[in-house]
file input_6.cif (mmCIF, C-alpha atoms)
data_protein
loop_
_atom_site.label_atom_id
_atom_site.label_comp_id
_atom_site.auth_asym_id
_atom_site.auth_seq_id
_atom_site.Cartn_x
_atom_site.Cartn_y
_atom_site.Cartn_z
CA MET F 3 28.16 99.70 10.18
CA THR F 4 29.33 96.39 11.66
CA CYS F 5 26.79 93.90 10.29
CA VAL F 6 23.84 93.58 7.93
CA GLU F 7 21.45 94.26 10.81
CA ASP F 8 22.99 97.74 11.20
CA PHE F 9 22.13 98.45 7.56
CA ARG F 10 18.61 97.13 8.05
CA GLN F 11 17.94 99.42 10.97
CA LEU F 12 19.25 102.46 9.12
CA ALA F 13 17.29 101.59 5.96
CA GLU F 14 14.12 101.30 8.03
CA ARG F 15 14.64 104.88 9.19
CA ARG F 16 15.57 106.31 5.78
CA VAL F 17 13.33 104.50 3.26
CA PRO F 18 9.58 105.28 3.02
CA ARG F 19 7.49 102.72 4.84
CA MET F 20 5.76 101.25 1.78
CA PHE F 21 9.04 100.59 -0.02
CA TYR F 22 10.92 99.35 3.07
CA ASP F 23 8.06 96.96 3.84
CA TYR F 24 8.02 95.79 0.23
CA ALA F 25 11.60 94.59 0.66
CA ASP F 26 11.30 93.39 4.23
CA SER F 27 8.24 91.14 4.03
CA GLY F 28 7.04 87.68 3.12
CA SER F 29 3.73 86.22 2.06
CA TRP F 30 0.82 85.39 4.40
CA THR F 31 2.16 84.47 7.89
CA GLU F 32 5.80 85.10 6.80
CA THR F 33 6.79 81.73 8.29
CA THR F 34 9.01 80.77 5.34
CA TYR F 35 10.48 84.28 5.24
CA ARG F 36 11.57 83.97 8.89
CA ASP F 37 12.74 80.35 8.51
CA ASN F 38 15.02 81.33 5.64
CA GLU F 39 17.14 83.31 8.08
CA ALA F 40 16.61 81.28 11.25
CA ASP F 41 17.57 77.89 9.77
CA PHE F 42 21.09 79.09 9.00
CA ARG F 43 21.70 79.47 12.74
CA LYS F 44 21.01 75.77 13.30
CA LEU F 45 24.22 74.88 11.43
CA LYS F 46 27.23 74.94 13.80
CA PHE F 47 30.84 75.36 12.73
CA ARG F 48 33.66 72.99 13.66
CA GLN F 49 36.49 75.10 15.01
CA ARG F 50 40.09 74.01 14.28
CA VAL F 51 43.35 75.43 15.67
CA ALA F 52 47.09 75.51 14.97
CA VAL F 53 46.58 75.48 11.20
CA ASP F 54 48.48 77.88 8.93
CA ILE F 55 45.72 80.20 7.72
CA ALA F 56 47.86 83.18 6.77
CA ALA F 57 46.79 83.17 3.11
CA ARG F 58 43.07 82.73 2.45
CA ASN F 59 41.34 82.74 -0.91
CA LEU F 60 37.66 83.44 -1.66
CA ARG F 61 37.96 83.76 -5.44
CA THR F 62 36.01 81.27 -7.52
CA SER F 63 33.71 81.23 -10.55
CA MET F 64 29.97 81.15 -11.25
CA VAL F 65 28.93 79.81 -14.69
CA GLY F 66 32.51 80.33 -15.82
CA ILE F 67 32.67 83.95 -14.67
CA ASP F 68 35.46 84.88 -12.25
CA VAL F 69 34.09 86.28 -8.97
CA ALA F 70 35.81 87.75 -5.92
CA MET F 71 33.69 85.54 -3.66
CA PRO F 72 30.87 83.03 -4.27
CA VAL F 73 28.20 85.74 -4.14
CA ALA F 74 26.11 87.58 -6.74
CA ILE F 75 23.58 90.33 -6.16
CA ALA F 76 20.11 88.87 -6.64
CA PRO F 77 17.47 90.40 -8.91
CA THR F 78 15.14 92.56 -6.83
CA GLY F 79 12.12 94.49 -8.06
CA LEU F 80 11.62 98.19 -7.30
CA THR F 81 15.28 98.55 -6.28
CA GLY F 82 15.27 102.14 -7.52
CA MET F 83 12.65 102.93 -4.87
CA GLN F 84 14.96 101.92 -2.02
CA HIS F 85 17.33 104.65 -3.20
CA ALA F 86 17.25 106.87 -6.27
CA ASP F 87 18.97 105.14 -9.22
CA GLY F 88 19.36 102.12 -6.96
CA GLU F 89 20.06 99.57 -9.67
CA ILE F 90 22.81 101.73 -11.17
CA LEU F 91 24.42 102.23 -7.74
CA GLY F 92 24.20 98.52 -6.93
CA ALA F 93 25.70 97.53 -10.27
CA LYS F 94 28.58 99.97 -9.82
CA ALA F 95 29.33 98.67 -6.32
CA ALA F 96 29.23 95.06 -7.51
CA GLU F 97 31.54 95.91 -10.41
CA GLN F 98 34.00 97.63 -8.10
CA PHE F 99 34.05 94.68 -5.70
CA GLY F 100 34.20 92.04 -8.43
CA ILE F 101 30.93 90.10 -8.23
CA PRO F 102 27.97 89.85 -10.66
CA PHE F 103 24.97 92.16 -10.46
CA THR F 104 21.57 90.86 -11.62
CA LEU F 105 19.01 93.33 -12.96
CA SER F 106 15.34 92.47 -12.46
CA THR F 107 12.74 92.73 -15.20
CA MET F 108 10.75 94.80 -12.66
CA SER F 109 13.57 97.27 -12.07
CA ILE F 110 13.25 101.04 -12.03
CA CYS F 111 16.46 101.61 -14.02
CA SER F 112 16.51 99.98 -17.45
CA ILE F 113 18.87 97.46 -19.03
CA GLU F 114 20.30 100.32 -21.06
CA ASP F 115 20.82 102.47 -17.94
CA ILE F 116 22.98 99.78 -16.32
CA ALA F 117 24.98 99.19 -19.49
CA ALA F 118 25.67 102.94 -19.78
CA HIS F 119 27.03 103.20 -16.23
CA THR F 120 29.14 100.03 -15.97
CA GLN F 121 32.00 98.36 -17.83
CA ARG F 122 31.69 94.80 -16.53
CA PRO F 123 28.95 92.60 -18.06
CA PHE F 124 25.98 92.17 -15.74
CA TRP F 125 23.21 89.57 -15.60
CA PHE F 126 19.55 90.02 -16.49
CA GLN F 127 16.58 88.32 -14.82
CA LEU F 128 13.57 87.39 -16.92
CA TYR F 129 9.98 86.47 -16.01
CA VAL F 130 7.87 84.30 -18.28
CA MET F 131 5.03 86.51 -19.49
CA ARG F 132 2.07 86.04 -21.76
CA ASP F 133 3.39 88.66 -24.16
CA ARG F 134 6.04 86.52 -25.83
CA ASP F 135 6.93 89.27 -28.28
CA PHE F 136 7.83 91.55 -25.36
CA MET F 137 9.89 88.75 -23.79
CA GLU F 138 11.81 88.21 -27.01
CA ARG F 139 12.57 91.92 -27.24
CA LEU F 140 13.72 91.94 -23.60
CA ILE F 141 16.08 89.06 -24.35
CA ASP F 142 17.40 90.90 -27.41
CA ARG F 143 17.94 94.06 -25.34
CA ALA F 144 19.89 92.03 -22.78
CA LYS F 145 22.04 90.63 -25.59
CA ALA F 146 22.66 94.12 -26.96
CA ALA F 147 23.72 95.27 -23.50
CA ASN F 148 26.29 92.43 -23.40
CA CYS F 149 24.69 90.69 -20.42
CA SER F 150 26.73 87.58 -19.64
CA ALA F 151 23.94 85.42 -18.16
CA LEU F 152 20.15 85.23 -18.21
CA VAL F 153 18.45 84.35 -14.92
CA LEU F 154 14.99 82.89 -15.56
CA THR F 155 12.63 83.05 -12.56
CA LEU F 156 10.24 80.10 -12.47
CA ASP F 157 8.29 80.63 -9.23
CA LEU F 158 6.17 83.69 -10.04
CA GLN F 159 3.40 82.23 -12.17
CA VAL F 160 0.97 83.73 -9.66
CA LEU F 161 1.65 86.32 -6.97
CA GLY F 162 1.88 85.42 -3.30
CA GLN F 163 -0.10 87.81 -1.12
CA ARG F 164 2.00 90.11 1.07
CA HIS F 165 -0.20 91.70 3.70
CA LYS F 166 2.08 94.69 4.31
CA ASP F 167 1.86 95.79 0.67
CA ILE F 168 -1.94 95.77 0.80
CA LYS F 169 -2.04 97.72 4.07
CA ASN F 170 0.50 100.25 2.79
CA GLY F 171 -1.40 100.80 -0.45
CA LEU F 172 1.58 99.75 -2.55
CA SER F 173 0.27 99.71 -6.10
CA THR F 174 1.14 101.08 -9.53
CA PRO F 175 1.15 104.01 -9.08
CA PRO F 176 1.39 104.07 -5.25
CA LYS F 177 -1.72 105.36 -3.46
CA PRO F 178 -1.16 108.87 -2.03
CA THR F 179 -2.88 108.12 1.28
CA LEU F 180 -2.56 110.50 4.22
CA ALA F 181 -0.41 107.94 6.08
CA ASN F 182 1.93 107.60 3.11
CA LEU F 183 2.24 111.37 2.64
CA VAL F 184 2.98 111.87 6.34
CA ASN F 185 5.60 109.11 6.22
CA LEU F 186 7.24 110.64 3.13
CA ALA F 187 7.54 113.94 4.99
CA THR F 188 9.81 112.18 7.51
CA LYS F 189 12.20 110.96 4.77
CA PRO F 190 13.80 114.17 3.41
CA ARG F 191 17.02 112.48 2.28
CA TRP F 192 15.09 109.93 0.19
CA CYS F 193 12.82 112.62 -1.26
CA MET F 194 15.73 114.87 -2.26
CA ASN F 195 17.50 111.97 -3.97
CA MET F 196 14.33 111.04 -5.87
CA LEU F 197 13.82 114.64 -7.00
CA GLY F 198 17.29 114.47 -8.52
CA THR F 199 16.55 111.56 -10.86
CA LYS F 200 14.23 111.03 -13.81
CA ARG F 201 14.07 107.27 -13.13
CA ARG F 202 10.84 106.70 -11.17
CA SER F 203 9.02 104.15 -13.32
CA PHE F 204 9.68 100.60 -14.56
CA GLY F 205 12.42 101.31 -17.08
CA ASN F 206 12.35 97.92 -18.79
CA ILE F 207 8.61 98.02 -19.43
CA VAL F 208 7.17 101.54 -19.79
CA GLY F 209 7.64 102.61 -23.39
CA HIS F 210 8.68 99.09 -24.43
CA ALA F 211 5.60 96.91 -23.84
CA LYS F 212 2.68 97.37 -26.20
CA GLY F 213 0.13 99.80 -24.77
CA VAL F 214 2.21 100.71 -21.72
CA SER F 215 3.08 104.38 -21.85
CA ASP F 216 2.77 105.36 -18.16
CA LEU F 217 2.30 103.95 -14.65
CA SER F 218 -1.47 103.81 -14.94
CA SER F 219 -1.42 101.58 -18.02
CA LEU F 220 1.42 99.53 -16.49
CA SER F 221 -0.78 98.43 -13.59
CA SER F 222 -3.37 96.62 -15.71
CA TRP F 223 -0.69 95.21 -18.03
CA THR F 224 1.33 93.72 -15.15
CA ALA F 225 -1.73 92.13 -13.54
CA GLU F 226 -2.35 90.14 -16.72
CA GLN F 227 1.17 89.25 -17.74
CA PHE F 228 2.67 86.64 -15.38
CA ASP F 229 1.96 83.37 -17.16
CA PRO F 230 0.39 80.59 -15.04
CA ALA F 231 0.73 78.23 -18.02
CA LEU F 232 4.55 78.23 -17.77
CA CYS F 233 6.01 74.75 -18.30
CA TRP F 234 9.41 73.21 -18.97
CA SER F 235 8.96 73.34 -22.74
CA ASP F 236 8.95 77.17 -22.54
CA ILE F 237 12.56 77.03 -21.38
CA GLU F 238 13.60 75.51 -24.71
CA TRP F 239 12.67 78.53 -26.81
CA ILE F 240 14.06 80.94 -24.18
CA LYS F 241 17.38 79.10 -24.17
CA LYS F 242 17.46 79.07 -27.99
CA ARG F 243 16.56 82.77 -28.25
CA TRP F 244 19.12 83.73 -25.61
CA GLY F 245 21.98 81.51 -26.74
CA GLY F 246 24.17 82.22 -23.72
CA LYS F 247 24.52 81.16 -20.09
CA LEU F 248 21.11 80.31 -18.60
CA VAL F 249 20.34 80.13 -14.87
CA LEU F 250 17.02 78.81 -13.51
CA LYS F 251 15.81 80.43 -10.27
CA GLY F 252 13.17 78.97 -7.96
CA ILE F 253 14.11 75.29 -7.68
CA MET F 254 13.13 73.73 -4.32
CA ASP F 255 12.47 70.10 -5.23
CA ALA F 256 14.84 67.29 -6.25
CA GLN F 257 12.64 66.25 -9.18
CA ASP F 258 12.49 69.81 -10.49
CA ALA F 259 16.26 69.95 -10.12
CA ARG F 260 16.59 66.98 -12.48
CA PHE F 261 14.26 68.73 -14.95
CA ALA F 262 16.56 71.74 -14.73
CA VAL F 263 19.51 69.53 -15.67
CA GLU F 264 17.59 68.08 -18.62
CA SER F 265 16.63 71.58 -19.81
CA GLY F 266 20.26 72.29 -20.59
CA ALA F 267 20.56 75.19 -18.15
CA ASP F 268 24.01 76.07 -16.82
CA ALA F 269 23.01 76.61 -13.19
CA LEU F 270 20.00 76.43 -10.89
CA ILE F 271 19.20 78.49 -7.83
CA VAL F 272 17.61 76.87 -4.79
CA SER F 273 15.20 79.66 -3.88
CA ASN F 274 11.73 80.18 -2.44
CA HIS F 275 11.65 83.80 -3.64
CA GLY F 276 12.73 85.05 -0.23
CA GLY F 277 9.61 83.62 1.38
CA ARG F 278 7.48 85.95 -0.75
CA GLN F 279 5.56 83.30 -2.68
CA LEU F 280 4.60 79.96 -1.07
CA ASP F 281 4.35 80.48 2.68
CA GLY F 282 4.83 77.20 4.54
CA ALA F 283 7.51 75.99 2.14
CA PRO F 284 10.88 74.90 3.56
CA SER F 285 13.72 77.37 3.92
CA SER F 286 16.16 77.55 1.04
CA ILE F 287 19.10 76.33 3.12
CA SER F 288 17.14 73.27 4.30
CA ALA F 289 16.19 72.41 0.69
CA LEU F 290 19.75 72.84 -0.60
CA PRO F 291 21.25 69.44 0.39
CA GLY F 292 18.48 67.44 -1.28
CA VAL F 293 18.75 69.40 -4.51
CA ALA F 294 22.56 69.23 -4.52
CA HIS F 295 22.45 65.48 -3.98
CA ALA F 296 19.89 64.99 -6.76
CA VAL F 297 22.00 66.68 -9.45
CA GLY F 298 25.56 65.91 -8.33
CA LYS F 299 27.98 67.62 -10.69
CA ASP F 300 25.54 67.72 -13.63
CA ILE F 301 24.75 71.43 -13.09
CA GLU F 302 25.98 74.27 -10.89
CA VAL F 303 23.86 74.64 -7.76
CA TRP F 304 23.46 78.05 -6.10
CA MET F 305 21.16 79.16 -3.31
CA ASP F 306 19.29 82.31 -2.39
CA GLY F 307 17.25 83.32 0.64
CA GLY F 308 18.05 84.32 4.22
CA ILE F 309 21.74 85.13 3.79
CA ARG F 310 22.63 87.86 6.29
CA SER F 311 26.35 87.27 6.77
CA GLY F 312 29.49 85.82 5.25
CA GLN F 313 29.06 82.92 7.66
CA ASP F 314 25.75 82.10 5.97
CA VAL F 315 27.49 82.06 2.58
CA LEU F 316 30.07 79.63 3.98
CA ARG F 317 27.32 77.40 5.39
CA ALA F 318 25.64 77.28 1.98
CA VAL F 319 28.91 76.39 0.25
CA ALA F 320 29.49 73.65 2.84
CA LEU F 321 26.11 72.10 1.97
CA GLY F 322 26.78 72.03 -1.76
CA ALA F 323 26.28 75.50 -3.21
CA LYS F 324 28.87 76.66 -5.72
CA GLY F 325 27.50 80.18 -5.42
CA THR F 326 24.94 82.26 -3.57
CA MET F 327 22.77 85.32 -4.18
CA VAL F 328 22.01 88.12 -1.73
CA GLY F 329 18.87 90.20 -2.03
CA ARG F 330 17.74 91.78 1.23
CA ALA F 331 21.28 92.36 2.53
CA PHE F 332 21.85 94.30 -0.70
CA LEU F 333 18.60 96.27 -0.38
CA TYR F 334 19.20 97.18 3.26
CA SER F 335 22.67 98.52 2.55
CA LEU F 336 21.47 100.37 -0.56
CA GLY F 337 18.54 101.98 1.26
CA ALA F 338 20.79 102.93 4.16
CA MET F 339 23.79 104.42 2.34
CA GLY F 340 23.50 104.08 -1.43
CA GLU F 341 26.47 102.83 -3.44
CA ALA F 342 28.90 103.24 -0.53
CA GLY F 343 26.61 101.13 1.63
CA VAL F 344 26.47 98.29 -0.89
CA LEU F 345 30.25 98.26 -1.28
CA ARG F 346 30.70 98.26 2.50
CA CYS F 347 28.21 95.40 2.84
CA LEU F 348 30.08 93.29 0.27
CA GLN F 349 33.38 93.95 2.03
CA MET F 350 31.75 92.93 5.29
CA LEU F 351 30.43 89.66 3.86
CA ALA F 352 33.85 88.82 2.42
CA ASN F 353 35.62 89.54 5.71
CA GLU F 354 33.14 87.44 7.70
CA MET F 355 33.60 84.60 5.24
CA SER F 356 37.38 84.78 5.26
CA VAL F 357 37.71 84.95 9.06
CA THR F 358 35.24 82.12 9.62
CA MET F 359 36.99 79.98 7.02
CA GLY F 360 40.23 80.51 8.93
CA PHE F 361 38.67 79.53 12.25
CA CYS F 362 37.54 76.32 10.57
CA GLY F 363 41.13 75.60 9.51
CA ARG F 364 40.62 76.23 5.78
CA THR F 365 42.38 78.64 3.44
CA ASP F 366 40.63 78.15 0.09
CA ILE F 367 36.93 78.41 -0.72
CA HIS F 368 37.29 75.38 -3.02
CA ASP F 369 38.18 73.24 0.01
CA ILE F 370 34.98 74.07 1.88
CA ASP F 371 32.73 71.05 2.38
CA ARG F 372 30.51 69.46 5.01
CA SER F 373 33.46 68.75 7.27
CA ILE F 374 33.53 72.38 8.47
CA LEU F 375 30.15 71.79 10.14
CA LEU F 376 29.43 69.86 13.32
CA ASN F 377 25.92 68.92 12.20
CA PRO F 378 25.97 68.83 8.37
CA GLY F 379 23.19 66.24 8.12
CA ILE F 380 20.58 68.27 9.97
CA PHE F 381 18.63 68.97 6.76
CA ASP F 382 19.21 65.65 4.97
#

call {"tool": "encode", "arguments": {"input": "input_6.cif", "output": "structure tokens"}}
result
Amino acid sequence: MTCVEDFRQLAERRVPRMFYDYADSGSWTETTYRDNEADFRKLKFRQRVAVDIAARNLRTSMVGIDVAMPVAIAPTGLTGMQHADGEILGAKAAEQFGIPFTLSTMSICSIEDIAAHTQRPFWFQLYVMRDRDFMERLIDRAKAANCSALVLTLDLQVLGQRHKDIKNGLSTPPKPTLANLVNLATKPRWCMNMLGTKRRSFGNIVGHAKGVSDLSSLSSWTAEQFDPALCWSDIEWIKKRWGGKLVLKGIMDAQDARFAVESGADALIVSNHGGRQLDGAPSSISALPGVAHAVGKDIEVWMDGGIRSGQDVLRAVALGAKGTMVGRAFLYSLGAMGEAGVLRCLQMLANEMSVTMGFCGRTDIHDIDRSILLNPGIFD
């Protein structure tokens, strides 16, 4: 494994088609999904020489939490279908490396599963749902598990259509079509791992939400739950109920960024949901400078979407991000090689970041700014 692309190719061979495609897809034409990655390559580094770069530091903090590099693992749904017990394995790898792990509401492993298998506090991602009682109990469970930050996703009031999921019959429960059964027969490693775990459902929901006792009842419940009436006032009661560090995910507009500041949140994430929601929206990296300029130092700005290397992390930091989140790079490495794959991927990102920082004549991540780029104003 030499790069994230190596992990992607191996994951494509090892993970069943419907679950691989779920991770590796965007909505409608997938234009925004592709732009998320492609736009990073438009930013060129300014190489410097004859600078003492013997000692280089990537350590920093995100919402006051010490991190080994400015990266956290993003919340991703169905992670436990990329690899058996996937969320547990990802959390353990993140803990070993020294960065935060974020558990999705739509995870296979539960909040309690992660807490039982890790020592370091992790983060929990929350969706705004119509069942406010269920949301309050989710928040309370995250508190009980000693989660150190709540990540509130704001851009899933309605679902973007992903053509691959429809064609693959990805539903709850998945449709046992002939094509899916034939494809499963070609994934013996994945099947053996799944046979060895009891975690094959949505651990945060089944048995916790009213009327949801199995996958069949979960399907109808989920279809009705994402709340299209979400507004900024909802954040007030969530913040009050939570009482800890609050991060808002899904900000792509300067005006919304100011609303995020006024909400009292501790950080915002410039994110278009990995190109899985509004197709035709700008890439996350191209939206980052405008958001960062709009809020200044009033709130921590992070970004998510399209990061496939440590160089991409450095580009994001140069354009104003204090931290980043990685989703697909995490899923590829997990699907390819489990916990060892995730740890190797994180090591790879850190090495790419450190070496590139050195080539740019810098030794500390806190000194990274627009001056390391030849064309920093390309997205202004």

call {"tool": "resolve_selection", "arguments": {"input": "input_6.cif", "expression": "the PyMOL selection byres ((chain F and resi 226) around 12)", "output": "short mmCIF file (atom, residue, chain, number, x, y, z; two decimals) with C-alpha atoms, in the coordinates of the input"}}
result
data_model
loop_
_atom_site.label_atom_id
_atom_site.label_comp_id
_atom_site.auth_asym_id
_atom_site.auth_seq_id
_atom_site.Cartn_x
_atom_site.Cartn_y
_atom_site.Cartn_z
CA VAL F 130 7.87 84.30 -18.28
CA MET F 131 5.03 86.51 -19.49
CA ARG F 132 2.07 86.04 -21.76
CA ASP F 133 3.39 88.66 -24.16
CA GLN F 159 3.40 82.23 -12.17
CA VAL F 160 0.97 83.73 -9.66
CA LEU F 161 1.65 86.32 -6.97
CA SER F 219 -1.42 101.58 -18.02
CA LEU F 220 1.42 99.53 -16.49
CA SER F 221 -0.78 98.43 -13.59
CA SER F 222 -3.37 96.62 -15.71
CA TRP F 223 -0.69 95.21 -18.03
CA THR F 224 1.33 93.72 -15.15
CA ALA F 225 -1.73 92.13 -13.54
CA GLN F 227 1.17 89.25 -17.74
CA PHE F 228 2.67 86.64 -15.38
CA ASP F 229 1.96 83.37 -17.16
CA PRO F 230 0.39 80.59 -15.04
#

call {"tool": "closest_residue", "arguments": {"input": "input_6.cif", "among": "F:Gly329, F:Thr107, F:Leu316, F:Asn185", "to": "F:Phe204", "atoms": "all atoms listed in the file"}}
result
F:Thr107

call {"tool": "residues_around", "arguments": {"input": "input_6.cif", "residues": "F:Gln127", "least_positions_apart": "5", "cutoff": "10 Å", "atoms": "all atoms listed in the file", "output": "JSON, numbers by chain"}}
result
{"F": [76, 77, 78, 104, 105, 106, 107, 108, 109, 140, 141, 144, 151, 152, 153, 154, 155, 248, 249, 250, 251]}

call {"tool": "write_last_selection", "arguments": {"input": "input_6.cif", "atoms": "C-alpha atoms", "output": "CSV table (one decimal), keeping the file's coordinate frame"}}
result
chain,number,residue,atom,x,y,z
F,76,ALA,CA,20.1,88.9,-6.6
F,77,PRO,CA,17.5,90.4,-8.9
F,78,THR,CA,15.1,92.6,-6.8
F,104,THR,CA,21.6,90.9,-11.6
F,105,LEU,CA,19.0,93.3,-13.0
F,106,SER,CA,15.3,92.5,-12.5
F,107,THR,CA,12.7,92.7,-15.2
F,108,MET,CA,10.8,94.8,-12.7
F,109,SER,CA,13.6,97.3,-12.1
F,140,LEU,CA,13.7,91.9,-23.6
F,141,ILE,CA,16.1,89.1,-24.4
F,144,ALA,CA,19.9,92.0,-22.8
F,151,ALA,CA,23.9,85.4,-18.2
F,152,LEU,CA,20.2,85.2,-18.2
F,153,VAL,CA,18.4,84.4,-14.9
F,154,LEU,CA,15.0,82.9,-15.6
F,155,THR,CA,12.6,83.0,-12.6
F,248,LEU,CA,21.1,80.3,-18.6
F,249,VAL,CA,20.3,80.1,-14.9
F,250,LEU,CA,17.0,78.8,-13.5
F,251,LYS,CA,15.8,80.4,-10.3

call {"tool": "resolve_selection", "arguments": {"input": "input_6.cif", "expression": "the PyMOL selection byres ((chain F and resi 288-304) around 9)", "output": "mmCIF file with C-alpha atoms, keeping the file's coordinate frame"}}
result
data_model
loop_
_atom_site.group_PDB
_atom_site.id
_atom_site.type_symbol
_atom_site.label_atom_id
_atom_site.label_comp_id
_atom_site.auth_asym_id
_atom_site.auth_seq_id
_atom_site.Cartn_x
_atom_site.Cartn_y
_atom_site.Cartn_z
ATOM 1 C CA ASN F 38 15.020 81.330 5.640
ATOM 2 C CA ASP F 41 17.570 77.890 9.770
ATOM 3 C CA PHE F 42 21.090 79.090 9.000
ATOM 4 C CA MET F 64 29.970 81.150 -11.250
ATOM 5 C CA VAL F 65 28.930 79.810 -14.690
ATOM 6 C CA ILE F 253 14.110 75.290 -7.680
ATOM 7 C CA MET F 254 13.130 73.730 -4.320
ATOM 8 C CA ASP F 255 12.470 70.100 -5.230
ATOM 9 C CA ALA F 256 14.840 67.290 -6.250
ATOM 10 C CA GLN F 257 12.640 66.250 -9.180
ATOM 11 C CA ASP F 258 12.490 69.810 -10.490
ATOM 12 C CA ALA F 259 16.260 69.950 -10.120
ATOM 13 C CA ARG F 260 16.590 66.980 -12.480
ATOM 14 C CA ALA F 262 16.560 71.740 -14.730
ATOM 15 C CA VAL F 263 19.510 69.530 -15.670
ATOM 16 C CA GLY F 266 20.260 72.290 -20.590
ATOM 17 C CA ALA F 267 20.560 75.190 -18.150
ATOM 18 C CA ASP F 268 24.010 76.070 -16.820
ATOM 19 C CA ALA F 269 23.010 76.610 -13.190
ATOM 20 C CA LEU F 270 20.000 76.430 -10.890
ATOM 21 C CA ILE F 271 19.200 78.490 -7.830
ATOM 22 C CA VAL F 272 17.610 76.870 -4.790
ATOM 23 C CA SER F 273 15.200 79.660 -3.880
ATOM 24 C CA PRO F 284 10.880 74.900 3.560
ATOM 25 C CA SER F 285 13.720 77.370 3.920
ATOM 26 C CA SER F 286 16.160 77.550 1.040
ATOM 27 C CA ILE F 287 19.100 76.330 3.120
ATOM 28 C CA MET F 305 21.160 79.160 -3.310
ATOM 29 C CA ASP F 306 19.290 82.310 -2.390
ATOM 30 C CA ALA F 318 25.640 77.280 1.980
ATOM 31 C CA VAL F 319 28.910 76.390 0.250
ATOM 32 C CA LEU F 321 26.110 72.100 1.970
ATOM 33 C CA GLY F 322 26.780 72.030 -1.760
ATOM 34 C CA ALA F 323 26.280 75.500 -3.210
ATOM 35 C CA LYS F 324 28.870 76.660 -5.720
ATOM 36 C CA GLY F 325 27.500 80.180 -5.420
ATOM 37 C CA THR F 326 24.940 82.260 -3.570
ATOM 38 C CA MET F 327 22.770 85.320 -4.180
ATOM 39 C CA GLY F 379 23.190 66.240 8.120
ATOM 40 C CA ILE F 380 20.580 68.270 9.970
ATOM 41 C CA PHE F 381 18.630 68.970 6.760
ATOM 42 C CA ASP F 382 19.210 65.650 4.970
#

call {"tool": "resolve_selection", "arguments": {"input": "input_6.cif", "expression": "the PyMOL selection byres ((chain F and resi 246) around 9)", "output": "PyMOL selection string"}}
result
chain F and resi 145+150-152+241-245+247-248

call {"tool": "closest_residue", "arguments": {"input": "input_6.cif", "among": "F:Gly100, F:Gly88, F:Pro123, F:Gly171", "to": "F:Ala74", "atoms": "only C-alpha atoms"}}
result
F:Gly100

call {"tool": "closest_residue", "arguments": {"input": "input_6.cif", "among": "F:Gln98, F:Asn59, F:Thr120, F:Gln11", "to": "F:Ala338", "atoms": "all atoms listed in the file"}}
result
F:Gln11

call {"tool": "closest_residue", "arguments": {"input": "input_6.cif", "among": "F:Glu341, F:Glu114, F:Asp157, F:Asp167", "to": "F:Leu280", "atoms": "all atoms listed in the file"}}
result
F:Asp157

call {"tool": "atom_distance", "arguments": {"input": "input_6.cif", "atom1": "atom CA of F:Asp369", "atom2": "atom CA of F:Glu354"}}
result
16.9 Å

call {"tool": "closest_residue", "arguments": {"input": "input_6.cif", "among": "F:Gln49, F:Thr188, F:Gln279, F:Gln121", "to": "F:Pro102", "atoms": "all atoms listed in the file"}}
result
F:Gln121
